[in-house]
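J.: Quick one, start-v2.tsv (TSV, C-alpha atoms):
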```tsv
chain	number	residue	atom	x	y	z
O	1	GLU	CA	-21.79	-6.07	-4.87
O	2	THR	CA	-22.90	-6.25	-1.23
O	3	VAL	CA	-19.40	-5.49	0.07
O	4	ILE	CA	-19.07	-2.51	-2.29
O	5	TYR	CA	-22.52	-1.24	-1.31
O	6	LEU	CA	-21.77	-1.52	2.42
O	7	ALA	CA	-18.36	0.14	2.07
O	8	SER	CA	-20.02	2.98	0.18
O	9	CYS	CA	-22.60	3.39	2.95
O	10	ALA	CA	-19.89	3.47	5.62
O	11	VAL	CA	-17.63	6.10	4.04
O	12	ASN	CA	-20.60	8.25	2.97
O	13	GLU	CA	-22.13	7.87	6.45
O	14	VAL	CA	-25.41	6.50	5.10
O	15	LYS	CA	-27.43	3.87	6.93
O	16	PRO	CA	-27.72	0.73	4.73
O	17	ASP	CA	-31.15	-0.23	3.40
O	18	ALA	CA	-32.50	-3.00	5.64
O	19	ASP	CA	-33.87	-4.88	2.62
O	20	LYS	CA	-30.44	-4.99	0.98
O	21	ILE	CA	-28.75	-6.63	3.95
O	22	ALA	CA	-31.61	-8.89	5.02
O	23	GLY	CA	-30.62	-12.53	4.75
O	24	ILE	CA	-27.01	-11.94	3.67
O	25	ASP	CA	-24.47	-14.71	4.27
O	26	PHE	CA	-22.23	-13.09	6.87
O	27	GLU	CA	-19.51	-15.71	6.53
O	28	LYS	CA	-19.19	-15.19	2.77
O	29	ILE	CA	-19.46	-11.40	3.03
O	30	PHE	CA	-16.70	-11.13	5.62
O	31	SER	CA	-14.53	-13.70	3.86
O	32	PHE	CA	-14.61	-11.58	0.70
O	33	ALA	CA	-14.22	-8.33	2.66
O	34	SER	CA	-11.14	-9.76	4.41
O	35	TYR	CA	-9.66	-10.68	1.02
O	36	HIS	CA	-9.71	-6.95	0.32
O	37	VAL	CA	-8.82	-5.90	3.92
O	38	MET	CA	-12.21	-4.24	4.30
O	39	GLY	CA	-13.79	-6.19	7.14
O	40	ALA	CA	-14.01	-3.18	9.46
O	41	VAL	CA	-15.64	-0.81	6.97
O	42	VAL	CA	-18.23	-3.47	6.10
O	43	GLY	CA	-18.77	-4.29	9.78
O	44	MET	CA	-19.31	-0.62	10.68
O	45	ALA	CA	-21.89	-0.23	7.91
O	46	ILE	CA	-23.83	-3.27	9.11
O	47	GLU	CA	-23.57	-2.11	12.72
O	48	SER	CA	-25.05	1.28	11.75
O	49	ALA	CA	-28.14	-0.59	10.52
O	50	GLY	CA	-28.61	-2.06	13.99
O	51	VAL	CA	-27.41	-5.56	13.10
O	52	LYS	CA	-25.07	-7.20	15.58
O	53	ASN	CA	-23.34	-10.58	15.44
O	54	ASP	CA	-19.89	-12.09	16.04
O	55	HIS	CA	-18.66	-11.42	12.48
O	56	VAL	CA	-19.44	-7.72	12.80
O	57	LYS	CA	-18.05	-7.41	16.33
O	58	ASN	CA	-14.83	-9.29	15.54
O	59	ALA	CA	-14.10	-7.36	12.32
O	60	ILE	CA	-14.52	-4.00	14.05
O	61	SER	CA	-12.70	-4.86	17.27
O	62	PHE	CA	-9.72	-6.37	15.42
O	63	SER	CA	-9.23	-3.28	13.27
O	64	VAL	CA	-9.69	-0.86	16.18
O	65	ARG	CA	-7.23	-2.86	18.26
O	66	LYS	CA	-4.68	-2.97	15.45
O	67	ASN	CA	-5.03	0.75	14.73
O	68	THR	CA	-4.57	1.46	18.44
O	69	PHE	CA	-1.32	-0.53	18.52
O	70	PHE	CA	-0.08	1.23	15.37
O	71	GLU	CA	-0.97	4.65	16.81
O	72	ALA	CA	0.92	4.01	20.04
O	73	ALA	CA	3.96	2.57	18.24
O	74	ASN	CA	3.95	5.44	15.72
O	75	ASN	CA	3.94	8.04	18.50
O	76	SER	CA	6.97	6.34	20.08
O	77	VAL	CA	8.86	6.12	16.79
O	78	LEU	CA	8.21	9.74	15.82
O	79	ARG	CA	9.20	10.95	19.26
O	80	LYS	CA	12.54	9.11	18.96
O	81	LEU	CA	13.11	10.47	15.44
O	82	GLU	CA	12.51	13.98	16.78
O	83	GLU	CA	14.96	13.42	19.64
O	84	ALA	CA	17.58	12.14	17.18
O	85	GLY	CA	17.05	15.02	14.72
O	86	ILE	CA	16.02	12.75	11.82
O	87	TRP	CA	13.54	14.17	9.32
O	88	TYR	CA	10.53	11.97	8.53
O	89	MET	CA	7.16	11.79	6.79
O	90	PRO	CA	4.31	9.28	7.39
O	91	LEU	CA	3.05	7.71	4.16
O	92	LYS	CA	-0.01	6.09	2.59
O	93	GLY	CA	-2.37	4.44	5.09
O	94	ALA	CA	-0.71	6.18	8.02
O	95	VAL	CA	-2.23	9.39	6.62
O	96	LEU	CA	-5.32	8.06	4.82
O	97	LYS	CA	-6.75	6.38	7.93
O	98	ASN	CA	-7.43	9.85	9.35
O	99	TYR	CA	-9.66	10.73	6.39
O	100	TYR	CA	-12.17	7.95	7.13
O	101	PRO	CA	-15.26	8.84	9.20
O	102	ARG	CA	-14.46	6.52	12.13
O	103	PHE	CA	-11.32	5.36	13.89
O	104	GLY	CA	-10.45	1.85	12.71
O	105	MET	CA	-12.65	2.01	9.61
O	106	ARG	CA	-9.57	1.97	7.40
O	107	GLU	CA	-7.75	-1.28	8.20
O	108	MET	CA	-3.97	-1.07	8.46
O	109	SER	CA	-1.55	-3.65	7.09
O	110	ASP	CA	1.75	-1.82	7.52
O	111	HIS	CA	2.79	1.56	8.86
O	112	ASP	CA	5.02	3.41	6.39
O	113	ILE	CA	7.40	6.28	7.18
O	114	LEU	CA	9.84	8.01	4.83
O	115	PHE	CA	13.01	9.17	6.57
O	116	ASP	CA	16.49	10.59	5.98
O	117	ALA	CA	18.27	7.66	4.29
O	118	THR	CA	21.66	8.84	5.56
O	119	ARG	CA	20.49	8.02	9.09
O	120	ALA	CA	19.42	4.39	8.45
O	121	GLU	CA	21.78	2.94	11.09
O	122	ASP	CA	20.46	5.41	13.66
O	123	VAL	CA	16.89	4.46	12.79
O	124	LYS	CA	17.78	0.80	13.19
O	125	ARG	CA	19.07	1.48	16.71
O	126	ILE	CA	15.93	3.45	17.50
O	127	MET	CA	13.64	0.66	16.31
O	128	GLU	CA	15.57	-1.96	18.28
O	129	SER	CA	15.41	0.24	21.39
O	130	LEU	CA	11.62	0.24	20.98
O	131	SER	CA	11.56	-3.60	20.92
O	132	PHE	CA	11.10	-3.95	17.16
O	133	THR	CA	12.86	-6.88	15.50
O	134	ILE	CA	14.55	-6.47	12.12
O	135	LYS	CA	12.91	-8.35	9.25
O	136	TYR	CA	14.82	-6.73	6.38
O	137	PHE	CA	17.55	-4.10	6.46
O	138	GLY	CA	19.57	-2.55	3.65
O	139	THR	CA	18.27	-4.75	0.85
O	140	ASP	CA	15.57	-2.53	-0.68
O	141	ASN	CA	14.25	1.02	-0.65
O	142	HIS	CA	12.64	0.30	2.72
O	143	ASP	CA	13.69	-1.46	5.91
O	144	VAL	CA	11.10	-3.62	7.65
O	145	TYR	CA	10.64	-3.92	11.41
O	146	TYR	CA	8.11	-5.92	13.43
O	147	LYS	CA	6.84	-5.59	16.97
O	148	GLU	CA	4.52	-8.03	18.69
O	149	PRO	CA	1.65	-8.46	18.53
O	150	LEU	CA	0.59	-6.63	15.35
O	151	CYS	CA	2.94	-3.83	14.29
O	152	ASN	CA	4.74	-4.06	10.96
O	153	PHE	CA	6.67	-0.86	10.18
O	154	GLU	CA	8.23	-0.12	6.80
O	155	MET	CA	10.84	2.61	7.12
O	156	HIS	CA	11.43	4.01	3.63
O	157	ARG	CA	14.85	5.25	2.54
O	158	GLY	CA	13.19	6.22	-0.75
O	159	LEU	CA	9.73	5.97	-2.30
O	160	PHE	CA	10.69	3.70	-5.21
O	161	GLY	CA	13.65	1.43	-5.89
O	162	SER	CA	15.43	1.62	-9.25
O	163	SER	CA	14.63	-2.06	-9.85
O	164	TYR	CA	10.90	-1.34	-10.34
O	165	ASP	CA	10.77	1.55	-12.82
O	166	GLU	CA	13.47	4.08	-13.66
O	167	LYS	CA	10.90	6.86	-14.29
O	168	PHE	CA	9.40	6.54	-10.83
O	169	TYR	CA	12.82	6.24	-9.20
O	170	GLU	CA	14.16	9.37	-10.89
O	171	TYR	CA	10.98	11.38	-10.28
O	172	TYR	CA	11.25	10.76	-6.51
O	173	ALA	CA	15.05	10.70	-6.24
O	174	GLU	CA	15.09	14.18	-4.65
O	175	VAL	CA	11.77	13.83	-2.86
O	176	LYS	CA	12.79	16.05	0.07
O	177	SER	CA	12.54	19.09	-2.22
O	178	ARG	CA	8.82	18.36	-2.70
O	179	LEU	CA	7.99	18.19	1.00
O	180	ILE	CA	6.36	20.79	3.23
O	181	LYS	CA	7.48	21.30	6.83
O	182	ASP	CA	4.88	20.37	9.48
O	183	ASP	CA	3.70	22.82	12.08
O	184	GLY	CA	4.10	21.70	15.68
O	185	ASN	CA	7.29	19.64	15.38
O	186	ASN	CA	10.92	20.08	14.39
O	187	TYR	CA	11.58	17.33	11.82
O	188	GLY	CA	8.22	16.19	10.42
O	189	TYR	CA	7.17	16.81	6.80
O	190	HIS	CA	4.17	16.19	4.59
O	191	PHE	CA	3.19	16.30	0.93
O	192	SER	CA	0.89	18.93	-0.50
O	193	PRO	CA	-2.54	17.34	-1.21
O	194	GLU	CA	-1.64	17.27	-4.93
O	195	ASP	CA	1.71	15.54	-4.39
O	196	PHE	CA	0.12	13.12	-1.92
O	197	TYR	CA	-2.40	12.12	-4.59
O	198	VAL	CA	0.32	11.77	-7.25
O	199	TYR	CA	2.37	9.48	-4.99
O	200	MET	CA	-0.74	7.58	-3.92
O	201	THR	CA	-1.57	6.92	-7.58
O	202	ALA	CA	2.01	5.95	-8.48
O	203	HIS	CA	2.18	3.53	-5.56
O	204	GLU	CA	-1.19	2.01	-6.47
O	205	TYR	CA	-0.09	1.60	-10.09
O	206	LYS	CA	3.06	-0.20	-8.95
O	207	HIS	CA	0.94	-2.88	-7.27
O	208	TYR	CA	-1.70	-2.84	-10.02
O	209	SER	CA	0.90	-3.49	-12.72
O	210	VAL	CA	2.71	-6.27	-10.85
O	211	GLY	CA	0.26	-8.59	-9.05
O	212	GLY	CA	-2.83	-6.42	-8.86
O	213	THR	CA	-4.45	-4.40	-6.10
O	214	GLY	CA	-7.85	-4.58	-4.47
O	215	LEU	CA	-10.97	-2.66	-3.53
O	216	ARG	CA	-9.37	-0.99	-0.50
O	217	SER	CA	-7.09	0.98	-2.84
O	218	LEU	CA	-10.11	2.25	-4.78
O	219	LEU	CA	-11.85	3.12	-1.54
O	220	ASP	CA	-8.79	5.10	-0.44
O	221	VAL	CA	-8.94	7.07	-3.70
O	222	TYR	CA	-12.64	7.78	-3.20
O	223	VAL	CA	-12.21	8.88	0.43
O	224	PHE	CA	-9.23	11.09	-0.41
O	225	LEU	CA	-10.91	12.77	-3.39
O	226	LYS	CA	-14.09	13.32	-1.40
O	227	LYS	CA	-12.10	14.86	1.46
O	228	CYS	CA	-10.21	17.15	-0.96
O	229	GLU	CA	-13.13	17.91	-3.26
O	230	GLY	CA	-12.68	21.34	-4.82
O	231	LEU	CA	-9.28	21.83	-3.19
O	232	LEU	CA	-6.90	20.05	-5.58
O	233	ASP	CA	-5.05	21.84	-8.37
O	234	PHE	CA	-5.84	19.22	-11.00
O	235	ASP	CA	-3.88	20.99	-13.72
O	236	TYR	CA	-0.75	20.35	-11.64
O	237	VAL	CA	-1.82	16.77	-10.87
O	238	LEU	CA	-2.37	15.94	-14.53
O	239	SER	CA	0.94	17.49	-15.58
O	240	GLU	CA	2.76	15.30	-13.04
O	241	MET	CA	0.86	12.23	-14.22
O	242	GLU	CA	2.14	12.90	-17.74
O	243	LYS	CA	5.72	12.94	-16.45
O	244	LEU	CA	5.15	9.53	-14.84
O	245	GLU	CA	3.21	8.24	-17.89
O	246	LEU	CA	0.24	7.55	-15.63
O	247	SER	CA	-2.38	9.80	-17.23
O	248	GLU	CA	-4.55	6.99	-18.61
O	249	PHE	CA	-4.34	4.87	-15.45
O	250	GLU	CA	-5.11	7.84	-13.17
O	251	GLU	CA	-8.20	8.84	-15.12
O	252	LYS	CA	-9.61	5.30	-15.29
O	253	ASN	CA	-8.79	4.63	-11.65
O	254	ARG	CA	-10.33	7.92	-10.47
O	255	ARG	CA	-13.51	7.47	-12.48
O	256	LEU	CA	-13.91	3.88	-11.28
O	257	ALA	CA	-13.48	4.89	-7.62
O	258	LEU	CA	-15.91	7.81	-7.89
O	259	ASN	CA	-18.52	5.80	-9.77
O	260	LEU	CA	-18.20	2.70	-7.62
O	261	PHE	CA	-18.48	4.26	-4.17
O	262	GLY	CA	-20.43	7.34	-5.26
O	263	ASN	CA	-23.19	5.05	-6.57
O	264	ASN	CA	-22.90	6.38	-10.11
O	265	GLU	CA	-23.49	4.48	-13.34
O	266	MET	CA	-20.61	2.23	-14.40
O	267	THR	CA	-19.05	2.39	-17.87
O	268	GLY	CA	-17.54	-0.46	-19.91
O	269	ASP	CA	-13.99	0.58	-18.98
O	270	ASN	CA	-15.05	0.70	-15.34
O	271	ARG	CA	-16.32	-2.85	-15.42
O	272	GLU	CA	-13.21	-4.27	-17.07
O	273	MET	CA	-10.92	-2.60	-14.54
O	274	LEU	CA	-13.21	-3.56	-11.64
O	275	GLU	CA	-13.10	-7.22	-12.61
O	276	TYR	CA	-9.29	-7.16	-12.47
O	277	VAL	CA	-9.34	-5.41	-9.08
O	278	VAL	CA	-11.99	-7.70	-7.57
O	279	HIS	CA	-10.03	-10.83	-8.46
O	280	SER	CA	-6.69	-9.36	-7.36
O	281	GLY	CA	-7.47	-8.98	-3.66
O	282	ALA	CA	-5.68	-6.44	-1.49
O	283	TYR	CA	-2.17	-7.73	-2.23
O	284	GLY	CA	-2.49	-9.06	-5.77
O	285	ASN	CA	-2.04	-12.69	-6.78
O	286	VAL	CA	0.39	-14.97	-8.56
O	287	LYS	CA	-1.79	-15.36	-11.66
O	288	ASN	CA	-1.77	-11.60	-12.29
O	289	SER	CA	1.93	-11.39	-11.52
O	290	VAL	CA	2.81	-14.08	-14.06
O	291	ARG	CA	0.51	-12.60	-16.72
O	292	ASN	CA	1.88	-9.08	-16.22
O	293	ARG	CA	5.50	-10.24	-16.25
O	294	LEU	CA	4.93	-12.16	-19.48
O	295	LYS	CA	3.66	-8.91	-21.02
O	296	LYS	CA	6.73	-7.10	-19.69
O	297	TYR	CA	9.01	-9.66	-21.36
O	298	GLY	CA	7.24	-9.28	-24.69
O	299	GLY	CA	4.70	-12.13	-24.59
O	300	GLY	CA	4.71	-15.14	-26.89
O	301	GLY	CA	7.26	-17.95	-26.77
O	302	LEU	CA	10.28	-15.69	-26.37
O	303	GLY	CA	8.57	-13.82	-23.53
O	304	LYS	CA	7.92	-17.12	-21.74
O	305	ILE	CA	11.58	-18.13	-22.08
O	306	ARG	CA	12.72	-14.76	-20.67
O	307	TYR	CA	10.24	-15.08	-17.80
O	308	VAL	CA	11.36	-18.61	-16.90
O	309	LEU	CA	15.02	-17.54	-16.97
O	310	SER	CA	14.24	-14.57	-14.70
O	311	LYS	CA	12.67	-16.99	-12.20
O	312	LEU	CA	15.50	-19.51	-12.44
O	313	PHE	CA	18.26	-16.90	-12.17
O	314	PRO	CA	16.88	-13.92	-10.21
O	315	PRO	CA	19.16	-10.92	-9.56
O	316	VAL	CA	21.35	-11.29	-6.50
O	317	ASN	CA	20.00	-8.09	-4.91
O	318	SER	CA	16.38	-9.21	-5.18
O	319	MET	CA	17.24	-12.44	-3.33
O	320	LYS	CA	19.01	-10.75	-0.44
O	321	SER	CA	15.77	-9.79	1.30
O	322	THR	CA	14.55	-13.42	1.23
O	323	TYR	CA	17.89	-15.03	2.07
O	324	PRO	CA	19.74	-12.82	4.59
O	325	LYS	CA	22.99	-14.85	4.44
O	326	LEU	CA	23.34	-13.77	0.83
O	327	ARG	CA	23.79	-10.17	2.03
O	328	GLU	CA	27.16	-11.08	3.52
O	329	HIS	CA	28.23	-13.98	1.30
O	330	GLU	CA	27.30	-13.58	-2.37
O	331	ILE	CA	29.46	-16.61	-3.13
O	332	TYR	CA	26.43	-18.69	-2.03
O	333	TYR	CA	24.43	-17.52	-5.06
O	334	PRO	CA	25.13	-20.59	-7.30
O	335	ALA	CA	24.16	-22.92	-4.45
O	336	LEU	CA	21.00	-20.87	-3.92
O	337	ILE	CA	19.96	-21.40	-7.55
O	338	VAL	CA	20.21	-25.17	-7.10
O	339	PHE	CA	18.46	-25.02	-3.72
O	340	ARG	CA	15.52	-23.02	-5.08
O	341	LEU	CA	15.07	-25.40	-8.02
O	342	LEU	CA	15.11	-28.47	-5.78
O	343	LYS	CA	12.77	-26.80	-3.28
O	344	ALA	CA	10.33	-25.95	-6.07
O	345	ILE	CA	10.36	-29.53	-7.33
```
Show me, as structure tokens, the structure contained in the file I just sent.
T.:
Amino acid sequence: ETVIYLASCAVNEVKPDADKIAGIDFEKIFSFASYHVMGAVVGMAIESAGVKNDHVKNAISFSVRKNTFFEAANNSVLRKLEEAGIWYMPLKGAVLKNYYPRFGMREMSDHDILFDATRAEDVKRIMESLSFTIKYFGTDNHDVYYKEPLCNFEMHRGLFGSSYDEKFYEYYAEVKSRLIKDDGNNYGYHFSPEDFYVYMTAHEYKHYSVGGTGLRSLLDVYVFLKKCEGLLDFDYVLSEMEKLELSEFEEKNRRLALNLFGNNEMTGDNREMLEYVVHSGAYGNVKNSVRNRLKKYGGGGLGKIRYVLSKLFPPVNSMKSTYPKLREHEIYYPALIVFRLLKAI
């Protein structure tokens, strides 16, 4: 409750009530905030009340430092994409961070950029020329690059892979047709506010339905909707949600975000969803993942058997990102099954 209250104060630019933060356990507060990647927003709220200590200082300085590294690396990457004539579009947190009241308030985990998938090899050369190392390439709908000390870039060939959900994959298969050309550059694009929100919701649901997603996602929704209040064509948004079969999730998620950080009264549905989110943390957890997969496989005894078989014999493609040698030599797959079983034991 304290973390939610402080995050609400920060994004609404309200000074926290001194009585509400008097005597709080800073170690516990920042431990929980970190679980949801919200240390900076909590730290900035406490700082605005005139309270200073190492927990506050460290949370803020780490996020500001990380955002600074991301900003510099992003400028270099986009400049190279422009020089190479490769179209691109920053995604998710790379855009949302600019909607928060202060630089560094929105903590960054990865930096995501959608690009022309036909130019993946060129992008790889660009990233290597900028001293990024390749973590994953050609095994999913995004390639992953890392640069010391803090920059993790996910370069997206597409917004969803076919392995997650065919509806989402098909909806975004021709995503370029939905994009709007930027002003001020030659190859940059962006979503309309409505399409940004639709993608934001679809991406959040992907995590929510697999292992769960945390309070930072709800805070993003609140900040975005507050920034775009009165500007969104919600008739269009709702029609697109129907196509993706996300109408119920979007409504519940939106109402929870607005009630939670707008200090409105919570409903029963809000509380049930909030409990799931609070226990999920920013990146979900194994318990949720297992429970949700069992539902996907039909539940009951048969569902458990299907789930166990899917873990014992995972698809070759899904293993390629974890075991790079498998990309070149699929003949190793039977040995990998034995290896994974023995490793687990």
J.: Quick one, how far is atom CA of Asp140 of chain O from atom CA of Arg106 of chain O?
T.: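 Taking atom CA of Asp140 of chain O as the start and atom CA of Arg106 of chain O as the end point, the length is 26.8 Å.
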J.: So that I can see what lies close to Val42 of chain O, please list as a PDB file with C-alpha atoms, in the frame of the given file the residues with an atom at most 8 Å from it, counting only C-alpha atoms and leaving out residues fewer than 4 positions away in the same chain.
T.:
```pdb
ATOM      1  CA  VAL O   3     -19.400  -5.490   0.070  1.00  0.00           C
ATOM      2  CA  LEU O   6     -21.770  -1.520   2.420  1.00  0.00           C
ATOM      3  CA  ALA O   7     -18.360   0.140   2.070  1.00  0.00           C
ATOM      4  CA  ALA O  10     -19.890   3.470   5.620  1.00  0.00           C
ATOM      5  CA  PHE O  30     -16.700 -11.130   5.620  1.00  0.00           C
ATOM      6  CA  ALA O  33     -14.220  -8.330   2.660  1.00  0.00           C
ATOM      7  CA  MET O  38     -12.210  -4.240   4.300  1.00  0.00           C
ATOM      8  CA  ILE O  46     -23.830  -3.270   9.110  1.00  0.00           C
TER       9      ILE O  46
END
```
J.: Which of these residues is nearest to Tyr88 of chain O, using all atoms listed in the file: O:Ile180, O:Met241, O:Ile21, O:Ala335?
T.: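 Ranked by minimum distance to Tyr88 of chain O, first place goes to O:Ile180.
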J.: I'd like the interatomic distance between atom CA of Gly39 of chain O and atom CA of Asp195 of chain O, to a tenth of an Å.
T.: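 Interatomic distance here is 29.1 Å.
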J.: What does the structure give for the distance between atom CA of Leu231 of chain O and atom CA of Asn186 of chain O, in Å to one decimal?
T.: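 Result for atom CA of Leu231 of chain O versus atom CA of Asn186 of chain O: 26.8 Å, one decimal.
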J.: So which residues touch segment 117-130 of chain O within 7 Å, counting all atoms listed in the file, skipping near sequence neighbours fewer than 2 positions away, as a VMD selection string?
T.: chain O and resid 80 115 132 to 133 157
J.: I'd like the contact shell of segment 12-14 of chain O - 10 Å cut-off, all atoms listed in the file, skipping same-chain residues fewer than 3 positions apart - returned as a ChimeraX atom specification.
T.: /O:6-9,17,44-45,48-49,100-102,223,226,261-262
J.: What lies within 12 Å of Asp54 of chain O using only C-alpha atoms, ignoring chain neighbours under 6 positions off, as a PDB file with C-alpha atoms, keeping the file's coordinate frame?
T.:
```pdb
ATOM      1  CA  PHE O  26     -22.230 -13.090   6.870  1.00  0.00           C
ATOM      2  CA  GLU O  27     -19.510 -15.710   6.530  1.00  0.00           C
ATOM      3  CA  PHE O  30     -16.700 -11.130   5.620  1.00  0.00           C
ATOM      4  CA  GLY O  43     -18.770  -4.290   9.780  1.00  0.00           C
ATOM      5  CA  ILE O  46     -23.830  -3.270   9.110  1.00  0.00           C
ATOM      6  CA  GLU O  47     -23.570  -2.110  12.720  1.00  0.00           C
ATOM      7  CA  ILE O  60     -14.520  -4.000  14.050  1.00  0.00           C
ATOM      8  CA  SER O  61     -12.700  -4.860  17.270  1.00  0.00           C
ATOM      9  CA  PHE O  62      -9.720  -6.370  15.420  1.00  0.00           C
TER      10      PHE O  62
END
```
J.: For Leu179 of chain O, which of O:Ile134, O:Met89, O:Ile337, O:Leu225 is the closest residue, counting only C-alpha atoms?
T.: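 Using only C-alpha atoms, Leu179 of chain O sits closest to O:Met89.
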J.: Pick out the closest residue to Tyr5 of chain O from this set: O:Thr139, O:Asn288, O:Asn264, O:Asn185. Count only C-alpha atoms.
T.: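 That would be O:Asn264, the residue with the smallest distance to Tyr5 of chain O.
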J.: Under the rule that only C-alpha atoms are counted, which of O:Ala73, O:Ala282, O:Val41, O:Leu260 is the nearest residue to Arg216 of chain O?
T.: O:Ala282
J.: Taking the block above, write segment 168-181 of chain O with N, CA, C and O atoms as a PDB file, in the first residue's frame.
T.:
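Here's the written file result_3.pdb:
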```pdb
ATOM      1  N   PHE O 168      -2.663 -12.570 -32.322  1.00  0.00           N
ATOM      2  CA  PHE O 168      -1.775 -11.424 -32.157  1.00  0.00           C
ATOM      3  C   PHE O 168      -0.778 -11.365 -33.311  1.00  0.00           C
ATOM      4  O   PHE O 168      -0.489 -10.292 -33.832  1.00  0.00           O
ATOM      5  N   TYR O 169      -0.265 -12.521 -33.684  1.00  0.00           N
ATOM      6  CA  TYR O 169       0.714 -12.583 -34.776  1.00  0.00           C
ATOM      7  C   TYR O 169       0.112 -12.070 -36.085  1.00  0.00           C
ATOM      8  O   TYR O 169       0.715 -11.240 -36.778  1.00  0.00           O
ATOM      9  N   GLU O 170      -1.080 -12.524 -36.401  1.00  0.00           N
ATOM     10  CA  GLU O 170      -1.733 -12.118 -37.649  1.00  0.00           C
ATOM     11  C   GLU O 170      -2.122 -10.642 -37.623  1.00  0.00           C
ATOM     12  O   GLU O 170      -2.012  -9.938 -38.637  1.00  0.00           O
ATOM     13  N   TYR O 171      -2.590 -10.162 -36.480  1.00  0.00           N
ATOM     14  CA  TYR O 171      -3.011  -8.768 -36.354  1.00  0.00           C
ATOM     15  C   TYR O 171      -1.845  -7.823 -36.650  1.00  0.00           C
ATOM     16  O   TYR O 171      -2.031  -6.767 -37.287  1.00  0.00           O
ATOM     17  N   TYR O 172      -0.637  -8.201 -36.209  1.00  0.00           N
ATOM     18  CA  TYR O 172       0.534  -7.335 -36.381  1.00  0.00           C
ATOM     19  C   TYR O 172       1.469  -7.795 -37.501  1.00  0.00           C
ATOM     20  O   TYR O 172       2.592  -7.295 -37.613  1.00  0.00           O
ATOM     21  N   ALA O 173       1.012  -8.738 -38.315  1.00  0.00           N
ATOM     22  CA  ALA O 173       1.875  -9.262 -39.387  1.00  0.00           C
ATOM     23  C   ALA O 173       2.293  -8.171 -40.370  1.00  0.00           C
ATOM     24  O   ALA O 173       3.427  -8.152 -40.856  1.00  0.00           O
ATOM     25  N   GLU O 174       1.385  -7.251 -40.678  1.00  0.00           N
ATOM     26  CA  GLU O 174       1.686  -6.138 -41.591  1.00  0.00           C
ATOM     27  C   GLU O 174       1.690  -4.825 -40.809  1.00  0.00           C
ATOM     28  O   GLU O 174       1.036  -3.856 -41.185  1.00  0.00           O
ATOM     29  N   VAL O 175       2.453  -4.790 -39.748  1.00  0.00           N
ATOM     30  CA  VAL O 175       2.417  -3.654 -38.827  1.00  0.00           C
ATOM     31  C   VAL O 175       2.835  -2.345 -39.484  1.00  0.00           C
ATOM     32  O   VAL O 175       2.359  -1.270 -39.116  1.00  0.00           O
ATOM     33  N   LYS O 176       3.704  -2.426 -40.485  1.00  0.00           N
ATOM     34  CA  LYS O 176       4.200  -1.192 -41.117  1.00  0.00           C
ATOM     35  C   LYS O 176       3.041  -0.342 -41.646  1.00  0.00           C
ATOM     36  O   LYS O 176       3.115   0.898 -41.635  1.00  0.00           O
ATOM     37  N   SER O 177       1.967  -0.993 -42.078  1.00  0.00           N
ATOM     38  CA  SER O 177       0.828  -0.251 -42.637  1.00  0.00           C
ATOM     39  C   SER O 177       0.106   0.573 -41.573  1.00  0.00           C
ATOM     40  O   SER O 177      -0.677   1.477 -41.905  1.00  0.00           O
ATOM     41  N   ARG O 178       0.333   0.270 -40.303  1.00  0.00           N
ATOM     42  CA  ARG O 178      -0.313   0.994 -39.213  1.00  0.00           C
ATOM     43  C   ARG O 178       0.522   2.170 -38.715  1.00  0.00           C
ATOM     44  O   ARG O 178       0.069   2.935 -37.856  1.00  0.00           O
ATOM     45  N   LEU O 179       1.737   2.301 -39.201  1.00  0.00           N
ATOM     46  CA  LEU O 179       2.669   3.277 -38.631  1.00  0.00           C
ATOM     47  C   LEU O 179       2.563   4.645 -39.294  1.00  0.00           C
ATOM     48  O   LEU O 179       2.160   4.770 -40.451  1.00  0.00           O
ATOM     49  N   ILE O 180       2.959   5.656 -38.546  1.00  0.00           N
ATOM     50  CA  ILE O 180       2.935   7.044 -39.007  1.00  0.00           C
ATOM     51  C   ILE O 180       4.381   7.535 -39.088  1.00  0.00           C
ATOM     52  O   ILE O 180       5.163   7.346 -38.158  1.00  0.00           O
ATOM     53  N   LYS O 181       4.720   8.179 -40.195  1.00  0.00           N
ATOM     54  CA  LYS O 181       6.081   8.683 -40.376  1.00  0.00           C
ATOM     55  C   LYS O 181       6.380   9.819 -39.396  1.00  0.00           C
ATOM     56  O   LYS O 181       5.564  10.717 -39.198  1.00  0.00           O
TER      57      LYS O 181
END
```
